[in-house]
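Engineer: Please find input37.txt (compact mmCIF, C-alpha atoms and all ligand atoms) on the next line:
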# COMPACT_ATOMS: atom_id res chain seq x y z
CA MET F 1 18.40 -20.75 3.45
CA HIS F 2 19.32 -18.02 0.96
CA ASP F 3 22.44 -15.87 0.96
CA LEU F 4 20.38 -12.84 0.02
CA ILE F 5 16.73 -11.88 -0.29
CA ILE F 6 15.93 -8.73 -2.26
CA ILE F 7 12.51 -7.23 -1.58
CA GLY F 8 11.21 -5.15 -4.51
CA ALA F 9 12.03 -5.43 -8.20
CA GLY F 10 12.17 -1.87 -9.45
CA PRO F 11 15.41 -0.75 -11.09
CA ALA F 12 17.22 -0.83 -7.71
CA GLY F 13 16.15 -4.39 -6.82
CA LEU F 14 16.73 -5.66 -10.36
CA THR F 15 20.23 -4.16 -10.48
CA ALA F 16 21.02 -5.66 -7.07
CA ALA F 17 19.79 -9.05 -8.35
CA ILE F 18 22.03 -8.83 -11.43
CA TYR F 19 25.10 -8.12 -9.28
CA ALA F 20 24.21 -10.71 -6.63
CA GLY F 21 23.48 -13.42 -9.21
CA ARG F 22 26.69 -12.67 -11.02
CA ALA F 23 28.58 -12.93 -7.71
CA LYS F 24 27.04 -16.41 -7.38
CA LEU F 25 25.07 -15.55 -4.25
CA ASP F 26 22.01 -17.73 -3.75
CA THR F 27 19.57 -14.89 -4.35
CA LEU F 28 15.79 -14.71 -4.05
CA LEU F 29 14.10 -11.65 -5.55
CA ILE F 30 10.64 -11.04 -4.10
CA ALA F 31 9.37 -8.92 -6.94
CA GLY F 32 5.87 -7.83 -6.01
CA LYS F 33 2.99 -8.23 -8.45
CA THR F 34 4.59 -6.22 -11.28
CA PRO F 35 8.37 -6.30 -11.62
CA GLY F 36 9.79 -3.02 -12.87
CA GLY F 37 8.42 -0.59 -10.32
CA GLN F 38 7.78 3.00 -11.30
CA ILE F 39 9.74 2.78 -14.52
CA TYR F 40 7.26 0.20 -15.83
CA LEU F 41 4.71 3.04 -15.88
CA THR F 42 6.95 5.27 -17.96
CA TYR F 43 5.93 5.77 -21.54
CA GLN F 44 9.39 6.76 -22.76
CA VAL F 45 12.70 6.92 -20.88
CA GLU F 46 15.05 9.41 -22.51
CA ASN F 47 17.80 9.84 -19.92
CA TYR F 48 19.09 6.34 -19.22
CA PRO F 49 22.58 5.81 -20.63
CA GLY F 50 22.91 3.41 -23.53
CA PHE F 51 19.60 4.23 -25.21
CA PRO F 52 20.30 7.25 -27.44
CA ASP F 53 16.84 7.06 -29.03
CA GLY F 54 15.06 6.46 -25.73
CA VAL F 55 13.37 3.26 -24.62
CA THR F 56 9.90 2.48 -23.30
CA GLY F 57 9.68 1.68 -19.60
CA PRO F 58 8.29 -1.86 -20.16
CA GLU F 59 11.04 -2.71 -22.67
CA LEU F 60 13.74 -1.56 -20.28
CA VAL F 61 12.17 -3.65 -17.49
CA ASP F 62 11.99 -6.74 -19.75
CA ARG F 63 15.67 -6.35 -20.54
CA MET F 64 16.61 -5.99 -16.86
CA VAL F 65 14.50 -9.02 -15.88
CA SER F 66 16.17 -11.14 -18.61
CA GLN F 67 19.55 -10.07 -17.28
CA VAL F 68 18.54 -11.05 -13.74
CA LYS F 69 17.40 -14.48 -15.00
CA ARG F 70 20.61 -14.96 -16.96
CA PHE F 71 22.65 -14.69 -13.74
CA GLY F 72 20.44 -17.09 -11.81
CA ALA F 73 18.48 -15.15 -9.16
CA LYS F 74 15.17 -16.82 -8.38
CA ILE F 75 12.17 -14.51 -8.84
CA ILE F 76 8.83 -14.77 -7.05
CA GLU F 77 6.13 -12.40 -8.29
CA GLU F 78 4.42 -11.90 -4.94
CA GLU F 79 4.65 -9.24 -2.25
CA ALA F 80 6.57 -9.79 0.97
CA THR F 81 3.92 -9.52 3.68
CA LYS F 82 6.03 -9.61 6.85
CA VAL F 83 9.67 -9.60 7.94
CA ASP F 84 11.42 -10.70 11.10
CA PHE F 85 14.86 -9.19 11.52
CA THR F 86 15.08 -9.89 15.26
CA SER F 87 17.27 -12.99 14.96
CA ASP F 88 19.76 -14.58 12.59
CA PRO F 89 18.85 -15.97 10.06
CA TYR F 90 16.48 -13.20 9.01
CA LYS F 91 13.00 -14.22 7.90
CA VAL F 92 10.85 -12.84 5.10
CA TYR F 93 7.26 -13.99 4.70
CA ILE F 94 4.91 -14.21 1.77
CA LYS F 95 1.62 -14.84 3.55
CA ASP F 96 2.27 -18.11 5.49
CA GLU F 97 5.37 -19.11 3.62
CA VAL F 98 8.66 -18.22 5.31
CA PHE F 99 12.03 -17.71 3.62
CA GLU F 100 15.27 -17.60 5.60
CA THR F 101 18.29 -15.58 4.60
CA ARG F 102 21.67 -14.39 5.77
CA SER F 103 21.24 -10.91 4.28
CA VAL F 104 18.51 -8.66 2.87
CA ILE F 105 18.30 -5.76 0.43
CA ILE F 106 15.18 -3.65 0.80
CA ALA F 107 14.28 -1.93 -2.48
CA THR F 108 10.55 -1.35 -2.16
CA GLY F 109 10.68 2.15 -3.65
CA SER F 110 8.50 5.08 -2.86
CA ARG F 111 5.26 6.31 -4.23
CA ASN F 112 4.12 9.78 -5.05
CA ARG F 113 1.42 11.18 -2.95
CA LEU F 114 -1.28 11.47 -5.60
CA LEU F 115 -4.56 13.32 -5.93
CA GLY F 116 -6.43 10.03 -6.10
CA LEU F 117 -8.39 10.77 -9.29
CA GLU F 118 -9.26 8.01 -11.74
CA SER F 119 -8.17 10.31 -14.60
CA GLU F 120 -4.81 10.80 -12.90
CA SER F 121 -3.93 7.08 -12.90
CA ARG F 122 -5.39 6.55 -16.39
CA LEU F 123 -3.30 9.39 -17.87
CA MET F 124 -0.10 8.73 -15.85
CA GLY F 125 2.78 8.84 -18.35
CA ARG F 126 0.38 10.31 -20.95
CA GLY F 127 0.59 13.91 -19.90
CA VAL F 128 0.39 13.32 -16.15
CA PHE F 129 3.89 13.11 -14.71
CA VAL F 130 5.65 13.12 -11.37
CA CYS F 131 9.25 13.84 -12.22
CA ALA F 132 10.24 17.07 -13.99
CA THR F 133 13.86 15.97 -14.41
CA CYS F 134 12.61 12.93 -16.30
CA ASP F 135 9.84 14.43 -18.40
CA ALA F 136 10.08 18.25 -18.62
CA ALA F 137 11.82 18.08 -22.02
CA LEU F 138 8.72 16.43 -23.50
CA TYR F 139 6.84 19.73 -22.96
CA GLU F 140 8.94 21.98 -25.21
CA GLU F 141 6.84 25.08 -26.03
CA LEU F 142 3.77 23.53 -24.37
CA ARG F 143 1.71 24.43 -21.32
CA VAL F 144 2.02 22.54 -18.02
CA VAL F 145 -0.03 22.71 -14.84
CA ALA F 146 2.06 21.94 -11.73
CA VAL F 147 0.09 20.83 -8.67
CA GLY F 148 1.67 21.49 -5.27
CA GLY F 149 3.19 24.26 -3.22
CA GLY F 150 6.21 22.81 -1.44
CA GLU F 151 9.92 22.86 -2.12
CA SER F 152 9.90 20.19 -4.82
CA ALA F 153 6.80 21.57 -6.58
CA LEU F 154 8.45 24.97 -6.97
CA GLN F 155 11.83 23.56 -7.97
CA GLU F 156 10.20 21.28 -10.53
CA ALA F 157 7.99 24.08 -11.89
CA LEU F 158 11.14 26.16 -12.42
CA ASP F 159 12.84 23.22 -14.16
CA ILE F 160 9.87 22.85 -16.51
CA THR F 161 10.11 26.51 -17.58
CA LYS F 162 13.40 25.65 -19.34
CA PHE F 163 11.22 23.86 -21.89
CA ALA F 164 7.54 24.76 -21.56
CA SER F 165 6.08 28.02 -22.80
CA GLU F 166 3.94 28.39 -19.67
CA VAL F 167 3.62 26.78 -16.23
CA ILE F 168 0.59 27.31 -14.00
CA ILE F 169 1.12 26.33 -10.37
CA VAL F 170 -2.11 25.21 -8.68
CA HIS F 171 -1.82 25.15 -4.89
CA ARG F 172 -4.51 24.59 -2.29
CA GLY F 173 -2.76 26.68 0.39
CA GLU F 174 -2.60 30.44 0.82
CA ALA F 175 1.19 30.50 0.66
CA PHE F 176 3.98 28.28 -0.61
CA SER F 177 5.89 26.23 1.95
CA ALA F 178 9.36 26.52 0.46
CA GLN F 179 12.57 28.40 1.01
CA ARG F 180 12.32 32.15 0.30
CA TYR F 181 14.82 32.11 -2.58
CA LEU F 182 12.68 29.52 -4.46
CA ILE F 183 9.53 31.55 -3.93
CA ASP F 184 11.38 34.64 -5.24
CA GLU F 185 12.57 32.69 -8.30
CA VAL F 186 9.01 31.56 -9.00
CA GLU F 187 7.62 35.06 -8.52
CA LYS F 188 10.04 36.64 -10.95
CA ASN F 189 9.77 33.91 -13.61
CA LYS F 190 7.65 35.35 -16.43
CA LYS F 191 6.57 31.91 -17.62
CA ILE F 192 4.96 31.02 -14.28
CA THR F 193 1.53 32.03 -13.05
CA THR F 194 0.04 30.85 -9.77
CA MET F 195 -3.45 29.87 -8.68
CA MET F 196 -3.48 29.83 -4.88
CA ARG F 197 -6.39 28.31 -2.93
CA HIS F 198 -7.30 26.13 -5.92
CA THR F 199 -7.44 22.35 -6.32
CA VAL F 200 -7.48 20.10 -9.37
CA GLU F 201 -10.83 18.29 -9.45
CA GLU F 202 -10.34 16.39 -12.70
CA ILE F 203 -7.74 15.80 -15.39
CA ILE F 204 -9.28 15.90 -18.84
CA GLY F 205 -8.19 13.78 -21.82
CA ASP F 206 -8.92 10.49 -23.58
CA ASP F 207 -5.49 9.15 -24.62
CA PHE F 208 -3.41 12.15 -23.55
CA VAL F 209 -4.00 15.11 -21.24
CA THR F 210 -5.82 18.05 -22.81
CA GLY F 211 -6.87 20.03 -19.74
CA VAL F 212 -7.74 20.19 -16.05
CA ARG F 213 -10.79 21.22 -14.12
CA VAL F 214 -9.89 23.36 -11.08
CA ARG F 215 -11.95 24.53 -8.13
CA ASN F 216 -11.47 27.84 -6.37
CA LEU F 217 -11.56 26.93 -2.67
CA GLU F 218 -12.69 30.43 -1.65
CA THR F 219 -15.64 30.80 -4.02
CA GLY F 220 -16.34 27.20 -5.06
CA ASP F 221 -16.14 28.27 -8.74
CA ILE F 222 -14.96 25.67 -11.21
CA HIS F 223 -12.97 26.46 -14.38
CA GLU F 224 -11.36 24.43 -17.11
CA LEU F 225 -7.81 25.14 -18.20
CA GLN F 226 -6.34 23.80 -21.41
CA THR F 227 -2.98 22.12 -20.74
CA ASP F 228 -0.65 19.56 -22.32
CA GLY F 229 0.88 18.29 -19.10
CA VAL F 230 0.10 17.97 -15.41
CA LEU F 231 2.94 17.61 -12.91
CA ILE F 232 1.82 16.14 -9.59
CA ALA F 233 4.26 17.32 -6.91
CA ILE F 234 2.46 16.99 -3.60
CA GLY F 235 5.00 14.81 -1.76
CA TRP F 236 6.41 11.30 -1.50
CA LEU F 237 5.67 8.28 0.65
CA PRO F 238 8.45 5.71 1.14
CA ASN F 239 7.23 2.08 1.08
CA THR F 240 8.57 1.27 4.54
CA GLN F 241 5.38 0.13 6.34
CA LEU F 242 6.65 -3.47 6.53
CA PHE F 243 9.83 -2.46 8.34
CA ARG F 244 8.40 -0.04 10.89
CA ASP F 245 8.83 -2.39 13.87
CA GLN F 246 12.04 -3.96 12.64
CA LEU F 247 14.38 -1.12 11.68
CA LYS F 248 14.96 2.39 12.89
CA LEU F 249 13.02 4.88 10.73
CA THR F 250 13.51 8.63 10.41
CA ASP F 251 10.71 11.01 11.40
CA LYS F 252 9.69 11.18 7.72
CA GLY F 253 9.32 7.39 7.55
CA TYR F 254 12.58 6.59 5.70
CA ILE F 255 14.87 3.85 7.00
CA SER F 256 17.81 5.22 9.00
CA ALA F 257 20.88 4.24 7.07
CA ASP F 258 24.49 5.14 6.50
CA GLY F 259 24.66 5.03 2.71
CA VAL F 260 23.08 1.67 1.90
CA LYS F 261 23.77 0.14 5.35
CA THR F 262 20.95 0.03 7.89
CA SER F 263 21.46 -0.24 11.63
CA LYS F 264 21.26 -4.08 11.40
CA PRO F 265 24.18 -6.10 10.04
CA GLY F 266 23.52 -7.63 6.64
CA ILE F 267 20.43 -5.51 5.93
CA PHE F 268 20.81 -2.92 3.20
CA VAL F 269 18.58 -0.41 1.43
CA ALA F 270 18.59 0.68 -2.20
CA GLY F 271 16.76 3.06 -4.49
CA ASP F 272 13.99 5.59 -4.03
CA LEU F 273 12.92 3.90 -0.80
CA ASN F 274 15.69 5.85 0.92
CA ASP F 275 16.34 8.67 -1.51
CA THR F 276 14.87 12.00 -0.50
CA LEU F 277 16.64 13.93 -3.24
CA TYR F 278 17.50 12.38 -6.61
CA ARG F 279 14.85 9.69 -7.30
CA GLN F 280 16.13 8.73 -10.73
CA LEU F 281 16.42 5.48 -12.61
CA ALA F 282 20.21 5.84 -12.81
CA THR F 283 20.60 6.62 -9.09
CA ALA F 284 18.29 3.72 -8.15
CA CYS F 285 20.42 1.34 -10.25
CA GLY F 286 23.57 2.81 -8.71
CA SER F 287 22.42 2.20 -5.16
CA GLY F 288 21.17 -1.31 -6.09
CA CYS F 289 24.71 -2.03 -7.27
CA LYS F 290 26.22 -0.64 -4.04
CA ALA F 291 23.83 -2.63 -1.85
CA ALA F 292 24.61 -5.89 -3.68
CA LEU F 293 28.36 -5.31 -3.37
CA GLU F 294 27.95 -4.54 0.34
CA ALA F 295 25.91 -7.74 0.76
CA GLU F 296 28.57 -9.74 -1.06
CA TRP F 297 31.34 -8.30 1.17
CA TYR F 298 29.25 -8.82 4.30
CA LEU F 299 28.68 -12.48 3.42
CA GLY F 300 32.35 -12.90 2.52
CA HIS F 301 33.40 -11.58 5.96
CA ARG F 302 30.92 -13.89 7.66
C1 LIG H 1 5.70 8.00 -14.34
C2 LIG H 1 7.16 8.01 -13.96
C3 LIG H 1 8.11 8.32 -14.91
C4 LIG H 1 9.47 8.32 -14.59
N1 LIG H 1 10.37 8.57 -15.58
C5 LIG H 1 11.68 8.53 -15.31
C6 LIG H 1 12.64 8.77 -16.34
O1 LIG H 1 12.29 9.01 -17.49
N2 LIG H 1 13.95 8.73 -15.98
C7 LIG H 1 14.38 8.49 -14.70
O2 LIG H 1 15.59 8.49 -14.47
N3 LIG H 1 13.48 8.24 -13.72
C8 LIG H 1 12.16 8.27 -13.98
N4 LIG H 1 11.25 8.04 -12.99
C9 LIG H 1 11.76 7.75 -11.64
C10 LIG H 1 12.22 6.28 -11.57
O3 LIG H 1 11.22 5.46 -12.13
C11 LIG H 1 12.49 5.89 -10.12
O4 LIG H 1 13.50 6.71 -9.62
C12 LIG H 1 12.92 4.42 -10.02
O5 LIG H 1 11.94 3.55 -10.56
C13 LIG H 1 13.17 4.04 -8.57
O6 LIG H 1 13.50 2.68 -8.54
P1 LIG H 1 13.35 1.79 -7.22
O7 LIG H 1 13.75 0.42 -7.63
O8 LIG H 1 14.05 2.42 -6.10
O9 LIG H 1 11.82 1.84 -6.82
P2 LIG H 1 10.49 1.52 -7.61
O10 LIG H 1 10.63 1.76 -9.06
O11 LIG H 1 9.44 2.26 -6.86
O12 LIG H 1 10.29 -0.06 -7.40
C14 LIG H 1 9.99 -0.60 -6.14
C15 LIG H 1 9.29 -1.94 -6.38
O13 LIG H 1 9.13 -2.59 -5.13
C16 LIG H 1 7.84 -3.20 -5.11
N5 LIG H 1 7.41 -3.44 -3.74
C17 LIG H 1 6.92 -2.56 -2.83
N6 LIG H 1 6.59 -3.22 -1.70
C18 LIG H 1 6.89 -4.53 -1.90
C19 LIG H 1 6.77 -5.71 -1.12
N7 LIG H 1 6.25 -5.68 0.12
N8 LIG H 1 7.17 -6.89 -1.64
C20 LIG H 1 7.68 -6.94 -2.91
N9 LIG H 1 7.80 -5.86 -3.70
C21 LIG H 1 7.42 -4.68 -3.20
C22 LIG H 1 6.98 -2.15 -5.83
O14 LIG H 1 5.76 -2.74 -6.26
C23 LIG H 1 7.89 -1.79 -6.98
O15 LIG H 1 7.73 -2.72 -8.04
C24 LIG H 1 9.88 8.03 -13.26
C25 LIG H 1 8.93 7.74 -12.29
C26 LIG H 1 7.58 7.71 -12.63
C27 LIG H 1 6.55 7.35 -11.57
Would you write the structure of this file as structure tokens?
Ligand SMILES: Cc1cc2nc3c(=O)[nH]c(=O)nc-3n(C[C@H](O)[C@H](O)[C@H](O)COP(=O)(O)OP(=O)(O)OC[C@H]3O[C@@H](n4cnc5c(N)ncnc54)[C@H](O)[C@@H]3O)c2cc1C
Structural biologist:
Amino acid sequence: MHDLIIIGAGPAGLTAAIYAGRAKLDTLLIAGKTPGGQIYLTYQVENYPGFPDGVTGPELVDRMVSQVKRFGAKIIEEEATKVDFTSDPYKVYIKDEVFETRSVIIATGSRNRLLGLESESRLMGRGVFVCATCDAALYEELRVVAVGGGESALQEALDITKFASEVIIVHRGEAFSAQRYLIDEVEKNKKITTMMRHTVEEIIGDDFVTGVRVRNLETGDIHELQTDGVLIAIGWLPNTQLFRDQLKLTDKGYISADGVKTSKPGIFVAGDLNDTLYRQLATACGSGCKAALEAEWYLGHR
């Protein structure tokens, strides 16, 4: 029987494990196949406090994992395959093996909806990016293609224009699906051009992005555009499949929660899994900290 099981070892889960271990909770971290989550994929992190010269994603993850180990949480590098939150103690499964616990932090993150191209995954963090707040500054005076036509695609395209010399928005629809003021901002921004009814068929580049191949959906014509970066902004999918029958979810598939507290006592959420707005390393760590403190207080009251 554990005091706490944390599912997911991205920055949120790792931070929660540091706090829980340090509070001497008997903590099991079910880390998935690759601890570190999205940040492990990041070539260079420039906006995390304490690293004035930046730090690579894998180095930051190694440091967080060492800190978790120092405070004693046990780590299993497997995925949780099932949960049962219907009775106390709660149960978390890895295949046939069952682990019992008094409390749970769910920190399974979210994933970007992606185009699904081989070149997209190969060049992720090497010109392909999914977070303008994180990476726009790397494109100072360069050209970026932004794929998508919703609220976040337009907002992120605008953010990129603070740095890039040119942003080309490629959108498969006939119109943007965003608030009018954002569309107006995009339309009057001289650095932005739009290609409606187009899709990206291929991202070109060996080690780093050098271009994209786009298809005109009206005519079928294919062109190549030279570009230094490709922002993929076509939506997010929270990793909540495992919890669908166990916890109340919102209509967008996020777990219903009040801050980090779910509707079930002793079950907390942290990180991008339940963040529809900020999705940053620092905010994920912050909510991992909050969830671990809540778990500690919950167990104390019990
Ligand atoms: C390419 C890229 C670059 C980025 N750059 C920056 C940056 O420079 N600065 C910044 O602030 N933010 C950046 N971000 C955003 C930042 O990485 C995320 O906000 C942060 O990682 C969210 O942390 P998280 O712990 O909530 O989730 P995640 O990082 O998504 O981690 C969740 C973890 O849970 C695991 N998991 C899922 N299901 C299970 C299961 N069933 N069992 C066990 N484990 C499971 C996943 O495999 C994953 O390891 C970047 C994101 C990407 C993709």
Engineer: List the spatial neighbours of stretch 45-53 of chain F as a PyMOL selection string - criterion: any atom at most 9 Å away, all atoms listed in the file, same-chain residues fewer than 2 positions off excluded.
Structural biologist: chain F and resi 39+42-43+55-57+60+134-135+281-282
Engineer: If you count all atoms listed in the file, which residues fall within 7 Å of stretch 152-159 of chain F, apart from same-chain ones fewer than 3 positions away, as a ChimeraX atom specification?
Structural biologist: /F:132,146,148-149,162,167,182,186,233-234
Engineer: At a cut-off of 10 Å from (22.1, -15.8, 7.5) in the coordinates of the file, what residues are picked up using only C-alpha atoms, written as a VMD selection string?
Structural biologist: chain F and resid 1 to 4 87 to 91 100 to 104 266 299 302
Engineer: Those same residues - C-alpha atoms - I'd like them written as a PDB file, keeping the file's coordinate frame.
Structural biologist:
ATOM      1  CA  MET F   1      18.400 -20.750   3.450  1.00  0.00           C
ATOM      2  CA  HIS F   2      19.320 -18.020   0.960  1.00  0.00           C
ATOM      3  CA  ASP F   3      22.440 -15.870   0.960  1.00  0.00           C
ATOM      4  CA  LEU F   4      20.380 -12.840   0.020  1.00  0.00           C
ATOM      5  CA  SER F  87      17.270 -12.990  14.960  1.00  0.00           C
ATOM      6  CA  ASP F  88      19.760 -14.580  12.590  1.00  0.00           C
ATOM      7  CA  PRO F  89      18.850 -15.970  10.060  1.00  0.00           C
ATOM      8  CA  TYR F  90      16.480 -13.200   9.010  1.00  0.00           C
ATOM      9  CA  LYS F  91      13.000 -14.220   7.900  1.00  0.00           C
ATOM     10  CA  GLU F 100      15.270 -17.600   5.600  1.00  0.00           C
ATOM     11  CA  THR F 101      18.290 -15.580   4.600  1.00  0.00           C
ATOM     12  CA  ARG F 102      21.670 -14.390   5.770  1.00  0.00           C
ATOM     13  CA  SER F 103      21.240 -10.910   4.280  1.00  0.00           C
ATOM     14  CA  VAL F 104      18.510  -8.660   2.870  1.00  0.00           C
ATOM     15  CA  GLY F 266      23.520  -7.630   6.640  1.00  0.00           C
ATOM     16  CA  LEU F 299      28.680 -12.480   3.420  1.00  0.00           C
ATOM     17  CA  ARG F 302      30.920 -13.890   7.660  1.00  0.00           C
TER      18      ARG F 302
END
Engineer: Give as a JSON list (two decimals) with C-alpha atoms, in the frame of the given file every residue, naming chains and numbers as the document does, that has an atom within 6 Å of (-3.4, 26.0, -7.0), counting all atoms listed in the file.
Structural biologist:
[["chain", "number", "residue", "atom", "x", "y", "z"],
["F", 169, "ILE", "CA", 1.12, 26.33, -10.37],
["F", 170, "VAL", "CA", -2.11, 25.21, -8.68],
["F", 171, "HIS", "CA", -1.82, 25.15, -4.89],
["F", 172, "ARG", "CA", -4.51, 24.59, -2.29],
["F", 195, "MET", "CA", -3.45, 29.87, -8.68],
["F", 196, "MET", "CA", -3.48, 29.83, -4.88],
["F", 197, "ARG", "CA", -6.39, 28.31, -2.93],
["F", 198, "HIS", "CA", -7.30, 26.13, -5.92],
["F", 199, "THR", "CA", -7.44, 22.35, -6.32]]
Engineer: Identify which of the residues F:Val260, F:Glu202, F:Trp236, F:Asp84 lies closest to F:Glu120, counting all atoms listed in the file when measuring atom-to-atom distances.
Structural biologist: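 Using all atoms listed in the file, F:Glu120 sits closest to F:Glu202.
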Engineer: Could you list, as a VMD selection string, all the residues within 7 Å of ligand LIG 1 (chain H), counting all atoms listed in the file?
Structural biologist: chain F and resid 7 to 13 30 to 39 41 to 42 44 to 48 78 to 81 107 to 111 124 to 125 129 to 131 134 to 135 239 242 270 to 273 279 to 282 284
Engineer: Using only C-alpha atoms, find the one residue out of F:Ile255, F:Val230, F:Ile5, F:Ile106 that sits nearest to F:Arg213.
Structural biologist: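 Closest residue, counting only C-alpha atoms: F:Val230.
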Engineer: Give me the residues within 6 Å of F:Thr227 as number ranges by chain, counting all atoms listed in the file and dropping any in the same chain fewer than 4 places off.
Structural biologist: F: 143-144, 210-211
Engineer: For F:Glu224, which of F:Glu174, F:Glu201, F:Asp207, F:Glu59 is the closest residue, counting all atoms listed in the file?
Structural biologist: F:Glu201
Engineer: For each of F:Phe208, F:Ala175, F:Tyr40, F:Tyr93, take the minimum atom-to-atom distance to F:Gly229, counting all atoms listed in the file, then give the residue where this is smallest.
Structural biologist: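 Distance minimum relative to F:Gly229 lands on F:Phe208.
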Engineer: Could you check how far atom CA of F:Ile18 sits from atom CA of F:Glu77, in Å to one decimal?
Structural biologist: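 Interatomic distance here is 16.6 Å.
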Engineer: Give me the residues near F:Ala178 as a ChimeraX atom specification, where near means some atom within 7 Å (using all atoms listed in the file) and where sequence neighbours in that chain fewer than 3 positions away do not count.
Structural biologist: /F:150-151,182-183
Engineer: For F:Phe99, which residue among F:Glu118, F:Arg70, F:Leu28, F:Lys252 is the nearest when counting only C-alpha atoms?
Structural biologist: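 Answer, going by the shortest atom-to-atom distance: F:Leu28.
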Engineer: Could you tell me which of F:His301, F:Leu247, F:Tyr278, F:Gly72 comes closest to F:Asp26 if we count only C-alpha atoms?
Structural biologist: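 Counting only C-alpha atoms, the residue closest to F:Asp26 is F:Gly72.
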Engineer: Grab the atom CA of F:Thr283 to atom CA of F:Val83 distance for me, in Å with one decimal place.
Structural biologist: 25.9 Å
Engineer: Report the distance between atom CA of F:Ala16 and atom CA of F:Gly288 in Å, rounded to one decimal place.
Structural biologist: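 So the answer is 4.5 Å.
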